[in-house]
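First the structure, in the form of C-alpha cells, and then the observations on it.
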Amino acid sequence: MDFLNPDEVLNQINLRSDMTAADFGSSSGGFTIPLAKRLEDGLVYALDIQEAPLSSLKGLLFFKRIKNVRIIRCDLEKPHGSTLPDSSLDLVLISNVLFQSDNKNAILKEAERVLRQKGELVVIDWLKKVSQGPNKGRVSSEEVKKLSEKLNFKLKKEFQPGKYHFGLIFIKK
C-alpha cells in the first residue's frame, strides 16, 4: 500500500455496473479508466480544466476501446461549472484535486448539486504530514469533513487509500 491504487480505492465503494459517475479533476484518466471498466453498463464523465490531459485521455479511451466515458473541459470552481444536470449522478470522485483549489467549497458544492439523493461523494487527497506530494495547499480530512457536513453530506466511511493520502466517502442526504 504505497501510492494510490485506483482499483483498491474503487473496492471501497459500493459500485453497480449501471451507475452514472463523474471524475472531478480527471486529468489523464488514472481513475476514469478503471471506473469506466467497472461501470460497463453506466457512464463516466471525465471533467478537468486542462486541455492536454483530457486530450491524452481521449486517445487512451480510443486505444482501449472504452466507449462509456464523456469528456468535459470545465471549471469546477464556478457555479454549475461541470455543466451536468442537477441530481444526475450516483457517484462523484474527487482525487488529488482539493489541494490545488483556491475554492474547495465551490468544488464540493458542485458535487452536491450534481449528485442524486443518497449518491456518494468520494474524496481522496494528500495527508498533511507526509514528505511526498505538493508543498502547498493541502487540506486535512477534518477540513473536508467540516466543509462537506455544512453542505448536504453525511460521512459514511473513512479509509486509507495509500500511505500518502486520506480517503472519505460521504452520502448526500
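Following the order of the C-alpha cells, chains are lettered A, B, ..., residues in each are numbered from 1, and ligands are numbered from 1.
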Selection near Lys172 in chain A, 7 Å with only C-alpha atoms, sequence-local residues under 4 positions removed, as a compact mmCIF listing (two decimals) with C-alpha atoms, in the first residue's frame:
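That gives us around_11.txt:
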```
# COMPACT_ATOMS: atom_id res chain seq x y z
CA GLU A 112 -23.58 18.19 -4.10
CA GLN A 117 -30.10 11.93 -3.07
CA LYS A 118 -28.15 9.05 -1.46
CA GLY A 119 -25.45 9.46 -4.11
CA GLU A 120 -21.88 9.09 -2.91
CA ASN A 152 -25.78 18.16 2.38
CA PHE A 153 -23.35 15.30 3.10
CA LYS A 154 -23.05 12.74 5.86
```
Discussion item. When you look at range 92-103 of chain A with a cut-off of 8 Å (counting only C-alpha atoms), what residues show up, excluding the ones that are within fewer than 3 positions of it in the same chain? I need them as a ChimeraX atom specification.
Written reply: /A:21-26,77,89,106-107,111,115,120-126,136-139
Discussion item. To test your reading of the structure, identify every residue in range 10-136 of chain A that backbone DSSP assigns to helix (DSSP H, G or I), and report it as a ChimeraX atom specification.
Written reply: /A:10,32-38,51-63,98-100,104-114
Would you put the residues from that selection into a file with N, CA and C atoms, as a short mmCIF file (atom, residue, chain, number, x, y, z; two decimals), in the first residue's frame?
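Dumped to selection_34.cif:
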```cif
data_model
loop_
_atom_site.label_atom_id
_atom_site.label_comp_id
_atom_site.auth_asym_id
_atom_site.auth_seq_id
_atom_site.Cartn_x
_atom_site.Cartn_y
_atom_site.Cartn_z
N LEU A 10 -11.42 1.88 -5.58
CA LEU A 10 -12.77 1.56 -6.08
C LEU A 10 -13.39 0.38 -5.32
N THR A 32 -10.51 7.50 -14.05
CA THR A 32 -11.61 7.43 -15.04
C THR A 32 -11.66 6.07 -15.72
N ILE A 33 -10.52 5.58 -16.18
CA ILE A 33 -10.49 4.32 -16.95
C ILE A 33 -10.87 3.12 -16.08
N PRO A 34 -10.28 2.94 -14.88
CA PRO A 34 -10.72 1.82 -14.04
C PRO A 34 -12.20 1.92 -13.65
N LEU A 35 -12.67 3.14 -13.43
CA LEU A 35 -14.08 3.33 -13.09
C LEU A 35 -14.98 2.97 -14.27
N ALA A 36 -14.61 3.39 -15.46
CA ALA A 36 -15.39 3.07 -16.66
C ALA A 36 -15.47 1.57 -16.90
N LYS A 37 -14.38 0.86 -16.62
CA LYS A 37 -14.38 -0.60 -16.80
C LYS A 37 -15.36 -1.26 -15.83
N ARG A 38 -15.47 -0.72 -14.63
CA ARG A 38 -16.40 -1.31 -13.64
C ARG A 38 -17.84 -0.91 -13.91
N GLU A 51 -6.72 21.16 -20.95
CA GLU A 51 -6.96 20.52 -22.25
C GLU A 51 -6.02 19.34 -22.51
N ALA A 52 -4.73 19.50 -22.21
CA ALA A 52 -3.73 18.47 -22.58
C ALA A 52 -4.02 17.10 -21.95
N PRO A 53 -4.28 17.01 -20.63
CA PRO A 53 -4.56 15.69 -20.08
C PRO A 53 -5.86 15.09 -20.63
N LEU A 54 -6.85 15.93 -20.91
CA LEU A 54 -8.10 15.42 -21.47
C LEU A 54 -7.88 14.88 -22.88
N SER A 55 -7.01 15.53 -23.63
CA SER A 55 -6.66 15.06 -24.96
C SER A 55 -5.95 13.71 -24.89
N SER A 56 -5.07 13.58 -23.93
CA SER A 56 -4.37 12.31 -23.69
C SER A 56 -5.37 11.22 -23.31
N LEU A 57 -6.32 11.55 -22.45
CA LEU A 57 -7.36 10.60 -22.03
C LEU A 57 -8.19 10.16 -23.23
N LYS A 58 -8.52 11.10 -24.09
CA LYS A 58 -9.32 10.77 -25.29
C LYS A 58 -8.61 9.71 -26.12
N GLY A 59 -7.30 9.88 -26.30
CA GLY A 59 -6.52 8.90 -27.05
C GLY A 59 -6.48 7.54 -26.37
N LEU A 60 -6.31 7.54 -25.05
CA LEU A 60 -6.30 6.28 -24.29
C LEU A 60 -7.64 5.55 -24.40
N LEU A 61 -8.73 6.29 -24.31
CA LEU A 61 -10.06 5.69 -24.41
C LEU A 61 -10.26 5.04 -25.77
N PHE A 62 -9.80 5.72 -26.82
CA PHE A 62 -9.90 5.17 -28.16
C PHE A 62 -9.07 3.90 -28.27
N PHE A 63 -7.82 3.96 -27.80
CA PHE A 63 -6.90 2.83 -27.86
C PHE A 63 -7.45 1.62 -27.09
N LEU A 98 -8.47 18.83 -4.45
CA LEU A 98 -8.73 19.91 -3.50
C LEU A 98 -7.47 20.66 -3.11
N PHE A 99 -6.33 19.98 -3.01
CA PHE A 99 -5.10 20.68 -2.62
C PHE A 99 -4.72 21.74 -3.66
N GLN A 100 -5.19 21.58 -4.90
CA GLN A 100 -4.86 22.52 -5.98
C GLN A 100 -5.83 23.69 -6.06
N LYS A 104 -12.15 25.28 -2.51
CA LYS A 104 -12.52 23.89 -2.24
C LYS A 104 -14.02 23.74 -2.05
N ASN A 105 -14.61 24.71 -1.35
CA ASN A 105 -16.05 24.67 -1.08
C ASN A 105 -16.86 24.66 -2.37
N ALA A 106 -16.43 25.43 -3.37
CA ALA A 106 -17.16 25.50 -4.64
C ALA A 106 -17.18 24.14 -5.33
N ILE A 107 -16.06 23.43 -5.27
CA ILE A 107 -15.98 22.10 -5.91
C ILE A 107 -16.91 21.13 -5.18
N LEU A 108 -16.89 21.15 -3.86
CA LEU A 108 -17.78 20.27 -3.09
C LEU A 108 -19.24 20.63 -3.32
N LYS A 109 -19.51 21.92 -3.46
CA LYS A 109 -20.88 22.38 -3.72
C LYS A 109 -21.38 21.88 -5.08
N GLU A 110 -20.48 21.89 -6.05
CA GLU A 110 -20.83 21.39 -7.38
C GLU A 110 -21.10 19.88 -7.33
N ALA A 111 -20.31 19.17 -6.55
CA ALA A 111 -20.56 17.73 -6.36
C ALA A 111 -21.94 17.51 -5.74
N GLU A 112 -22.26 18.31 -4.75
CA GLU A 112 -23.58 18.19 -4.10
C GLU A 112 -24.70 18.45 -5.11
N ARG A 113 -24.53 19.46 -5.94
CA ARG A 113 -25.57 19.82 -6.92
C ARG A 113 -25.85 18.69 -7.90
N VAL A 114 -24.80 18.02 -8.38
CA VAL A 114 -24.99 17.02 -9.44
C VAL A 114 -25.32 15.63 -8.91
#
```
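For the atom pair formed by CA of Ile169 in chain A and CA of Asn135 in chain A, the distance is 24.9 Å, given to one decimal.
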Discussion item. Please return, as a count of residues only, all residues of range 25-130 of chain A that DSSP assigns to strand (DSSP E) on the basis of the backbone.
Written reply: 30
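Counting from CA of Leu43 in chain A, the distance to CA of Arg73 in chain A is 16.6 Å.
Considering only C-alpha atoms, the residue among A:Leu4, A:Ile13, A:Leu76, A:Leu84 positioned nearest to Ile49 in chain A is A:Leu76.
Comparing A:Val69, A:Val144, A:Leu168, A:Arg116 by their smallest distance to Pro85 in chain A, the closest is A:Arg116 (using only C-alpha atoms).
Residues in contact range of Asp75 in chain A, defined as at most 9 Å between only C-alpha atoms, with sequence neighbours fewer than 6 positions away removed, read A:Leu47, A:Asp48, A:Ile49, A:Gly81, A:Ser82.
Ranking A:His165, A:Arg16, A:His80, A:Lys173 by their shortest atom-to-atom distance to Leu127 in chain A, with only C-alpha atoms included, puts A:His165 first.
Here the question is which of A:Lys64, A:Pro134, A:Met19, A:Glu149 gets nearest to Ser88 in chain A using only C-alpha atoms, and that residue is A:Met19.
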Fill in: Pairwise distance for CA of Glu8 in chain A and CA of Lys150 in chain A, rounded to one decimal in Å
28.7 Å
Worksheet entry | Residue neighbourhood Arg70 in chain A, 8 Å, only C-alpha atoms, exclusion window fewer than 2 positions, as a ChimeraX atom specification | /A:43-46,68,72
Worksheet item: Near range 39-42 of chain A, counting only C-alpha atoms, which residues have an atom at most 6 Å away, once you skip same-chain residues fewer than 6 positions from it, shown as a ChimeraX atom specification?
Response: /A:17-20
